[in-house]
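Listing of entry-v7.txt, compact mmCIF, C-alpha atoms and all ligand atoms
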# COMPACT_ATOMS: atom_id res chain seq x y z
CA MET D 1 36.65 -141.83 15.75
CA LYS D 2 35.89 -142.25 12.05
CA THR D 3 38.32 -144.15 9.87
CA VAL D 4 39.62 -143.20 6.43
CA VAL D 5 41.54 -145.66 4.25
CA ILE D 6 43.77 -144.20 1.53
CA THR D 7 45.59 -146.45 -0.91
CA GLY D 8 49.02 -145.35 -2.15
CA ALA D 9 49.28 -142.83 0.67
CA ASN D 10 53.05 -142.70 1.04
CA SER D 11 53.61 -140.02 -1.60
CA GLY D 12 51.99 -137.42 -3.82
CA LEU D 13 48.23 -136.95 -3.76
CA GLY D 14 47.54 -139.78 -1.32
CA PHE D 15 50.10 -138.51 1.20
CA GLU D 16 48.98 -134.88 1.04
CA THR D 17 45.32 -135.85 1.33
CA ALA D 18 46.05 -138.16 4.28
CA LYS D 19 47.91 -135.34 6.01
CA LYS D 20 45.04 -132.88 5.48
CA ILE D 21 42.44 -135.32 6.79
CA ALA D 22 44.61 -136.28 9.79
CA ALA D 23 45.04 -132.59 10.66
CA SER D 24 41.41 -132.34 11.78
CA LYS D 25 42.16 -134.99 14.45
CA GLU D 26 38.61 -136.32 14.06
CA TYR D 27 39.78 -139.14 11.83
CA ARG D 28 41.95 -142.19 12.11
CA VAL D 29 43.85 -142.47 8.82
CA ILE D 30 45.04 -145.81 7.46
CA LEU D 31 47.87 -145.60 4.94
CA ALA D 32 47.40 -148.62 2.66
CA CYS D 33 50.78 -148.97 0.96
CA ARG D 34 52.87 -151.64 -0.74
CA ASN D 35 56.24 -150.57 0.68
CA ASP D 36 56.53 -150.88 4.48
CA ALA D 37 59.52 -148.55 4.84
CA LYS D 38 57.93 -145.77 2.79
CA ALA D 39 54.66 -146.25 4.67
CA ALA D 40 56.42 -146.00 8.05
CA GLN D 41 58.16 -142.79 6.97
CA ALA D 42 54.87 -141.30 5.72
CA LYS D 43 53.18 -142.21 9.03
CA ALA D 44 55.97 -140.53 11.04
CA ASP D 45 55.83 -137.42 8.83
CA ILE D 46 52.04 -137.11 9.12
CA ILE D 47 52.06 -137.58 12.90
CA ALA D 48 54.85 -134.99 13.24
CA ALA D 49 53.02 -132.51 11.00
CA THR D 50 49.53 -132.92 12.50
CA GLY D 51 49.95 -134.16 16.07
CA ASN D 52 47.32 -136.81 15.28
CA ASP D 53 48.67 -140.15 16.56
CA ALA D 54 45.84 -142.10 14.97
CA VAL D 55 47.72 -142.70 11.74
CA GLU D 56 48.39 -146.35 10.93
CA THR D 57 49.93 -148.33 8.09
CA LEU D 58 48.68 -151.58 6.63
CA ARG D 59 50.33 -153.38 3.73
CA LEU D 60 48.45 -153.42 0.44
CA ASP D 61 49.63 -154.11 -3.08
CA THR D 62 46.72 -153.17 -5.31
CA SER D 63 48.22 -155.01 -8.29
CA LEU D 64 47.61 -158.40 -6.63
CA LEU D 65 44.15 -159.70 -5.73
CA SER D 66 45.77 -161.96 -3.10
CA SER D 67 47.25 -158.90 -1.36
CA VAL D 68 43.91 -157.07 -1.54
CA ARG D 69 42.19 -160.03 0.15
CA GLU D 70 44.85 -160.18 2.86
CA PHE D 71 44.60 -156.43 3.44
CA ALA D 72 40.81 -156.54 3.71
CA ASN D 73 40.96 -159.40 6.26
CA ASN D 74 43.61 -157.63 8.33
CA TYR D 75 41.73 -154.35 8.13
CA ILE D 76 38.39 -155.79 9.26
CA LYS D 77 40.06 -157.66 12.12
CA ALA D 78 41.82 -154.52 13.31
CA TYR D 79 39.27 -151.78 12.71
CA GLY D 80 35.86 -153.34 11.97
CA THR D 81 34.31 -150.54 9.94
CA VAL D 82 35.38 -148.04 7.33
CA ASP D 83 33.91 -144.56 6.93
CA VAL D 84 35.82 -143.35 3.88
CA LEU D 85 37.73 -145.30 1.24
CA ILE D 86 39.94 -143.35 -1.16
CA ASN D 87 41.10 -145.54 -4.05
CA ASN D 88 44.15 -143.49 -5.00
CA ALA D 89 47.14 -145.79 -5.70
CA GLY D 90 48.22 -145.64 -9.30
CA ILE D 91 51.09 -146.25 -11.67
CA SER D 92 52.12 -144.71 -14.92
CA PRO D 93 52.68 -147.04 -17.89
CA MET D 94 55.89 -145.12 -18.48
CA ARG D 95 57.36 -146.70 -15.35
CA ASP D 96 55.65 -150.09 -15.11
CA SER D 97 54.73 -152.60 -17.79
CA GLY D 98 54.00 -156.28 -18.23
CA THR D 99 51.76 -158.76 -16.49
CA THR D 100 51.23 -159.45 -12.79
CA GLU D 101 51.95 -162.91 -11.38
CA GLU D 102 48.16 -163.37 -11.40
CA GLY D 103 48.09 -162.80 -15.15
CA PHE D 104 46.62 -159.30 -15.49
CA GLU D 105 48.05 -156.34 -17.36
CA VAL D 106 49.79 -154.44 -14.55
CA VAL D 107 48.27 -150.96 -15.05
CA PHE D 108 44.72 -152.38 -15.27
CA ALA D 109 45.38 -154.50 -12.17
CA THR D 110 47.03 -151.76 -10.07
CA ASN D 111 44.90 -148.78 -10.96
CA TYR D 112 41.53 -150.48 -11.39
CA LEU D 113 41.01 -154.19 -10.61
CA GLY D 114 42.65 -154.22 -7.18
CA HIS D 115 40.52 -151.25 -6.16
CA PHE D 116 37.40 -152.95 -7.51
CA LEU D 117 38.03 -155.98 -5.27
CA LEU D 118 39.06 -153.85 -2.30
CA THR D 119 35.81 -151.91 -2.53
CA GLN D 120 33.72 -155.08 -2.86
CA LEU D 121 35.38 -156.57 0.23
CA LEU D 122 35.07 -153.42 2.37
CA LEU D 123 31.56 -152.45 1.23
CA PRO D 124 29.73 -154.72 3.71
CA HIS D 125 31.78 -153.11 6.48
CA MET D 126 31.14 -149.50 5.52
CA ALA D 127 29.47 -147.26 8.06
CA PRO D 128 26.17 -145.56 7.18
CA ASN D 129 26.84 -142.51 4.96
CA GLY D 130 30.21 -144.02 4.07
CA ARG D 131 32.07 -142.54 1.12
CA ILE D 132 34.11 -144.11 -1.64
CA ILE D 133 36.23 -141.97 -3.94
CA ASN D 134 37.94 -143.37 -7.02
CA VAL D 135 40.87 -141.28 -8.22
CA SER D 136 40.54 -141.14 -11.98
CA SER D 137 42.15 -138.72 -14.43
CA ASP D 138 41.17 -136.43 -17.28
CA MET D 139 43.35 -138.84 -19.25
CA HIS D 140 40.34 -141.20 -19.21
CA ASN D 141 39.67 -139.06 -22.28
CA PRO D 142 43.11 -138.43 -23.80
CA PRO D 143 43.72 -135.97 -26.63
CA GLY D 144 42.42 -137.77 -29.71
CA GLY D 145 40.02 -139.88 -27.62
CA ILE D 146 39.92 -143.66 -27.16
CA GLU D 147 37.87 -146.50 -28.48
CA TRP D 148 36.53 -149.25 -26.20
CA LYS D 149 38.22 -152.58 -27.02
CA GLY D 150 36.56 -154.82 -24.46
CA VAL D 151 37.48 -155.86 -20.94
CA GLY D 152 39.25 -159.08 -21.98
CA TYR D 153 41.64 -157.01 -24.09
CA LEU D 154 42.35 -154.55 -21.26
CA ALA D 155 42.90 -157.27 -18.67
CA HIS D 156 45.03 -159.63 -20.73
CA GLU D 157 46.22 -158.12 -24.01
CA ALA D 158 46.90 -154.41 -23.55
CA MET D 159 50.52 -154.85 -22.37
CA ILE D 160 51.95 -152.50 -24.99
CA ASP D 161 48.88 -150.38 -25.66
CA ARG D 162 50.00 -146.76 -25.16
CA ARG D 163 46.48 -145.95 -23.98
CA ARG D 164 46.39 -148.51 -21.16
CA TYR D 165 46.62 -145.83 -18.46
CA SER D 166 43.67 -144.00 -20.02
CA TYR D 167 41.67 -147.23 -20.06
CA SER D 168 42.43 -147.87 -16.38
CA LYS D 169 41.10 -144.43 -15.50
CA LEU D 170 38.04 -144.88 -17.73
CA CYS D 171 37.40 -148.13 -15.84
CA ALA D 172 37.50 -146.17 -12.56
CA ILE D 173 34.62 -144.03 -13.86
CA TYR D 174 32.60 -147.01 -15.16
CA PHE D 175 33.09 -148.61 -11.75
CA THR D 176 31.92 -145.45 -9.97
CA LEU D 177 28.79 -145.15 -12.10
CA LYS D 178 27.81 -148.82 -11.85
CA LEU D 179 28.36 -148.96 -8.11
CA ASP D 180 26.39 -145.73 -7.69
CA GLU D 181 23.52 -147.23 -9.70
CA LEU D 182 23.46 -150.37 -7.53
CA LEU D 183 23.76 -148.49 -4.22
CA LYS D 184 20.90 -146.19 -5.18
CA LYS D 185 18.75 -149.19 -6.16
CA GLN D 186 19.40 -150.71 -2.74
CA GLY D 187 18.51 -147.43 -0.99
CA SER D 188 22.02 -147.35 0.49
CA SER D 189 23.37 -144.22 2.19
CA ILE D 190 26.87 -144.95 0.88
CA SER D 191 28.15 -142.61 -1.83
CA VAL D 192 30.73 -143.16 -4.57
CA ASN D 193 32.36 -140.52 -6.75
CA SER D 194 35.31 -140.08 -9.11
CA PHE D 195 37.99 -137.42 -8.77
CA ASN D 196 40.37 -135.99 -11.36
CA PRO D 197 43.40 -134.31 -9.74
CA GLY D 198 44.73 -133.01 -13.08
CA PHE D 199 48.32 -133.10 -14.26
CA MET D 200 50.43 -132.61 -11.10
CA ALA D 201 54.17 -132.25 -11.60
CA ALA D 202 54.93 -132.33 -7.87
CA THR D 203 54.29 -136.03 -7.23
CA ASN D 204 56.32 -139.19 -7.90
CA PHE D 205 54.02 -140.21 -10.71
CA SER D 206 56.54 -139.62 -13.51
CA GLY D 207 59.41 -141.12 -11.55
CA GLY D 208 60.07 -138.32 -9.11
CA HIS D 209 61.31 -135.81 -11.68
CA THR D 210 59.69 -132.47 -11.03
CA ASP D 211 59.63 -131.58 -14.66
CA LYS D 212 58.98 -127.84 -14.46
CA ALA D 213 59.31 -127.35 -18.21
CA ARG D 214 56.69 -130.00 -18.95
CA ALA D 215 54.42 -128.61 -16.25
CA LEU D 216 54.65 -125.17 -17.83
CA VAL D 217 53.82 -126.61 -21.26
CA VAL D 218 50.72 -128.36 -19.87
CA LYS D 219 49.70 -125.28 -17.88
CA THR D 220 49.87 -123.00 -20.91
CA THR D 221 48.70 -125.30 -23.70
CA MET D 222 46.18 -127.47 -21.81
CA PRO D 223 45.00 -125.42 -18.83
CA ASP D 224 41.88 -127.58 -18.52
CA ARG D 225 44.16 -130.57 -17.74
CA TYR D 226 46.58 -128.81 -15.39
CA GLY D 227 46.34 -129.44 -11.64
CA GLU D 228 48.26 -128.47 -8.52
CA LEU D 229 49.04 -130.97 -5.78
CA GLY D 230 48.02 -128.46 -3.08
CA THR D 231 44.61 -127.57 -4.50
CA SER D 232 43.79 -131.10 -5.67
CA SER D 233 44.64 -132.64 -2.29
CA ASP D 234 42.59 -129.92 -0.54
CA ALA D 235 39.63 -130.77 -2.76
CA LEU D 236 40.01 -134.53 -2.33
CA ALA D 237 40.18 -134.17 1.47
CA GLN D 238 37.00 -132.06 1.46
CA ILE D 239 35.10 -134.45 -0.81
CA ALA D 240 36.15 -137.25 1.55
CA VAL D 241 35.05 -135.73 4.84
CA ASP D 242 33.17 -132.43 4.50
CA SER D 243 29.49 -132.65 5.46
CA ARG D 244 28.46 -130.55 2.47
CA PHE D 245 29.10 -133.62 0.28
CA ASP D 246 26.68 -135.81 2.23
CA GLY D 247 24.53 -137.69 -0.27
CA VAL D 248 26.48 -136.52 -3.35
CA SER D 249 27.08 -139.65 -5.43
CA GLY D 250 27.82 -140.77 -8.99
CA GLN D 251 29.68 -137.55 -9.80
CA TYR D 252 33.02 -136.64 -11.38
CA PHE D 253 34.91 -133.93 -9.50
CA ASP D 254 37.38 -131.98 -11.59
CA ARG D 255 40.56 -130.78 -9.79
CA SER D 256 38.38 -129.07 -7.21
CA THR D 257 35.09 -129.52 -5.41
CA SER D 258 33.32 -128.67 -8.67
CA ILE D 259 31.42 -131.35 -10.54
CA LYS D 260 31.78 -131.79 -14.28
CA LYS D 261 30.69 -134.29 -16.93
CA SER D 262 33.25 -136.96 -17.77
CA SER D 263 33.71 -138.10 -21.39
CA GLU D 264 30.78 -139.27 -23.47
CA LEU D 265 32.32 -142.77 -23.66
CA SER D 266 32.40 -142.96 -19.84
CA TYR D 267 28.58 -142.98 -19.76
CA SER D 268 28.22 -146.13 -21.92
CA GLU D 269 26.01 -148.45 -19.90
CA GLY D 270 26.97 -151.46 -22.02
CA ASN D 271 30.70 -150.99 -21.33
CA ARG D 272 30.03 -150.34 -17.66
CA ASP D 273 28.03 -153.55 -17.30
CA GLU D 274 30.61 -155.57 -19.23
CA LEU D 275 33.36 -154.27 -16.95
CA TRP D 276 31.37 -154.94 -13.78
CA ASN D 277 30.50 -158.52 -14.74
CA LYS D 278 34.01 -159.39 -15.93
CA SER D 279 35.56 -157.83 -12.83
CA LEU D 280 33.37 -159.96 -10.56
CA GLU D 281 34.53 -162.99 -12.54
CA TYR D 282 38.26 -162.04 -12.39
CA CYS D 283 37.95 -161.48 -8.64
CA GLY D 284 36.23 -164.82 -8.08
CA LEU D 285 33.10 -163.10 -6.80
CA ARG D 286 30.66 -164.94 -9.09
N1 LIG J 301 50.40 -136.89 -11.13
C1 LIG J 301 49.53 -136.69 -12.09
O1 LIG J 301 49.77 -135.89 -13.03
C2 LIG J 301 48.18 -137.38 -12.07
C3 LIG J 301 47.20 -136.95 -12.98
C4 LIG J 301 45.94 -137.56 -12.94
C5 LIG J 301 45.71 -138.59 -12.05
N2 LIG J 301 46.70 -139.00 -11.21
C6 LIG J 301 46.39 -140.10 -10.29
O2 LIG J 301 46.60 -139.68 -8.95
C7 LIG J 301 46.88 -140.84 -8.14
C8 LIG J 301 48.06 -140.55 -7.25
O3 LIG J 301 49.21 -140.38 -8.06
P1 LIG J 301 50.35 -139.32 -7.70
O4 LIG J 301 50.42 -138.35 -8.80
O5 LIG J 301 50.22 -138.86 -6.31
O6 LIG J 301 51.65 -140.24 -7.88
P2 LIG J 301 52.66 -140.89 -6.81
O7 LIG J 301 53.29 -139.83 -6.01
O8 LIG J 301 53.52 -141.80 -7.60
O9 LIG J 301 51.69 -141.73 -5.85
C9 LIG J 301 51.19 -142.97 -6.24
C10 LIG J 301 51.08 -143.83 -5.01
O10 LIG J 301 50.51 -145.10 -5.41
C11 LIG J 301 51.32 -146.10 -4.84
N3 LIG J 301 51.24 -147.36 -5.58
C12 LIG J 301 51.63 -147.62 -6.85
N4 LIG J 301 51.42 -148.92 -7.15
C13 LIG J 301 50.89 -149.50 -6.04
C14 LIG J 301 50.49 -150.81 -5.70
N5 LIG J 301 50.60 -151.82 -6.58
N6 LIG J 301 49.98 -151.04 -4.47
C15 LIG J 301 49.88 -150.03 -3.56
N7 LIG J 301 50.28 -148.77 -3.82
C16 LIG J 301 50.77 -148.51 -5.04
C17 LIG J 301 52.72 -145.55 -4.85
O11 LIG J 301 53.52 -146.30 -3.97
P3 LIG J 301 55.13 -146.47 -4.22
O12 LIG J 301 55.75 -145.26 -3.59
O13 LIG J 301 55.44 -147.74 -3.50
O14 LIG J 301 55.36 -146.53 -5.69
C18 LIG J 301 52.42 -144.13 -4.36
O15 LIG J 301 52.26 -144.12 -2.97
C19 LIG J 301 47.08 -142.00 -9.12
O16 LIG J 301 45.90 -142.78 -9.17
C20 LIG J 301 47.30 -141.30 -10.46
O17 LIG J 301 46.89 -142.12 -11.54
C21 LIG J 301 47.91 -138.42 -11.18

Transcribe the structure of this file into structure tokens.
Ligand SMILES: NC(=O)c1ccc[n+]([C@@H]2O[C@H](COP(=O)([O-])OP(=O)(O)OC[C@H]3O[C@@H](n4cnc5c(N)ncnc54)[C@H](OP(=O)(O)O)[C@@H]3O)[C@@H](O)[C@H]2O)c1
Amino acid sequence: MKTVVITGANSGLGFETAKKIAASKEYRVILACRNDAKAAQAKADIIAATGNDAVETLRLDTSLLSSVREFANNYIKAYGTVDVLINNAGISPMRDSGTTEEGFEVVFATNYLGHFLLTQLLLPHMAPNGRIINVSSDMHNPPGGIEWKGVGYLAHEAMIDRRRYSYSKLCAIYFTLKLDELLKKQGSSISVNSFNPGFMAATNFSGGHTDKARALVVKTTMPDRYGELGTSSDALAQIAVDSRFDGVSGQYFDRSTSIKKSSELSYSEGNRDELWNKSLEYCGLR
């Protein structure tokens, strides 16, 4: 049985995607979540909905490198290999702010750095043709755009920067592109892609308020940024396990199984290399 790991799988996009993948019964699905009670409830709901008993929970707090290391050790001990890793957990700066106990800006740490380390630790244990998907956002390129301010700023100084969520999602794309470059150089069969689910009102992302009025505003004024939980989770599940995506790597999927170009800034090789090197340093990997 192949194994799929999904971070932040107790609600929203992660939960729906986990449920869709579990429904095929060909996959064991690991819900990598920070809250044990929510994870247990999600596991029970997915098993009840799909009849697939191979749904497990394992504690992971992506904001803390120590938790990521513990998760990776526990995971390898329990399951040995990973076929698909979906780096989905994420927070909105509207709900969380400040610095982690390890000294990183919390949105950068949760949405990006923890997933960088998790991927590095699981990579040697990935099965041939393994897949990694980094959930990004069209907000990597917010209205008005963003300017790169350096990794040190994002990691340690961006505590009140209103663009810090956008930066974390831009980092997810830089990470995807750099990892893709290295995997291709090594002749690896592992693929890595980014996915934008679009603005989804039906998740807990904005604090659990299904703000229908706001959703309608986004749908009518910014249709190219609007997403639906149902269609985005369908697409993410397909990109994760469907054989037609074998060998597709280094791409940005936009709210569907269609590939699109991400922002011009997201293709900066200099920024990508700076982020990669600093991330290795922050994670104690060099
Ligand atoms: N909703 C949108 O409009 C939208 C748009 C573009 C991109 N996205 C991205 O889509 C992804 C999923 O978000 P969603 O909309 O489904 O929101 P959601 O319902 O709030 O789901 C986010 C999940 O991430 C988990 N999480 C947060 N911090 C974590 C941590 N430190 N360690 C482990 N898990 C953590 C949450 O767990 P708890 O329940 O414990 O908080 C939850 O399970 C995120 O990466 C988000 O940035 C969302």

Report as lines of an AutoDock Vina configuration file the centre and the edge lengths, in Å to one decimal, of the axis-aligned box holding every listed atom of ligand LIG 301 (chain J), padded by 4 Å on each side.
center_x = 50.7
center_y = -143.9
center_z = -8.0
size_x = 18.0
size_y = 23.9
size_z = 18.1

When you draw a straight line from CA of Arg163 (chain D) to CA of Val68 (chain D), how long is it in Å?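 Interatomic distance here is 25.2 Å.
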
Which of these residues is nearest to ligand LIG 301 (chain J), using only C-alpha atoms and all ligand atoms: D:Ile146, D:Val106, D:Ile132, D:Val55?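 Residue with the minimum atom-to-atom distance to ligand LIG 301 (chain J): D:Val106.
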
Go through D:Met200, D:Leu170, D:Ala23, D:Val151 and flag the residue nearest Ser232 (chain D), using only C-alpha atoms for the distances. D:Met200

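From CA of Val82 (chain D) back to CA of Val29 (chain D), the distance works out to 10.2 Å.
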
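For the set D:Gly51, D:Gly150, D:Gly207, D:Gly98, the residue with the smallest atom-to-atom gap to ligand LIG 301 (chain J) is D:Gly207, counting all atoms listed in the file.
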
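The spacing separating CA of Ile47 (chain D) from CA of Ala22 (chain D) amounts to 8.2 Å.
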
Residue neighbourhood Leu58 (chain D), 7 Å, only C-alpha atoms, exclusion window fewer than 5 positions, as a ChimeraX atom specification: /D:30-33

Near-Gly114 (chain D) list (10 Å; all atoms listed in the file; drop same-chain fewer than 3 positions) as a ChimeraX atom specification: /D:60-69,87,89,108-111,117-120,279,283

With a distance cut-off of 10 Å and only C-alpha atoms, select the neighbouring residues of Lys2 (chain D), excluding the residue or stretch itself and same-chain residues fewer than 6 positions from it, and output the selection as a CSV table (one decimal) with C-alpha atoms, in the coordinates of the input.
chain,number,residue,atom,x,y,z
D,25,LYS,CA,42.2,-135.0,14.4
D,26,GLU,CA,38.6,-136.3,14.1
D,27,TYR,CA,39.8,-139.1,11.8
D,28,ARG,CA,42.0,-142.2,12.1
D,29,VAL,CA,43.8,-142.5,8.8
D,81,THR,CA,34.3,-150.5,9.9
D,82,VAL,CA,35.4,-148.0,7.3
D,83,ASP,CA,33.9,-144.6,6.9
D,84,VAL,CA,35.8,-143.4,3.9
D,127,ALA,CA,29.5,-147.3,8.1
D,130,GLY,CA,30.2,-144.0,4.1
D,241,VAL,CA,35.0,-135.7,4.8

Env of Met139 (chain D): 8 Å cut, atoms = all atoms listed in the file, seq-sep filter 2 positions within chain, self excluded. Answer as a PyMOL selection string. chain D and resi 137+141-143+165-166+169

When you count all atoms listed in the file, which of these residues is closest to ligand LIG 301 (chain J): D:Thr257, D:Thr176, D:Ser263, D:Ser92?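 Closest residue, counting all atoms listed in the file: D:Ser92.
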
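Minimum distance to Glu147 (chain D) across D:Ala39, D:Leu182, D:Leu265, D:Val192 (counting only C-alpha atoms) occurs at D:Leu265.
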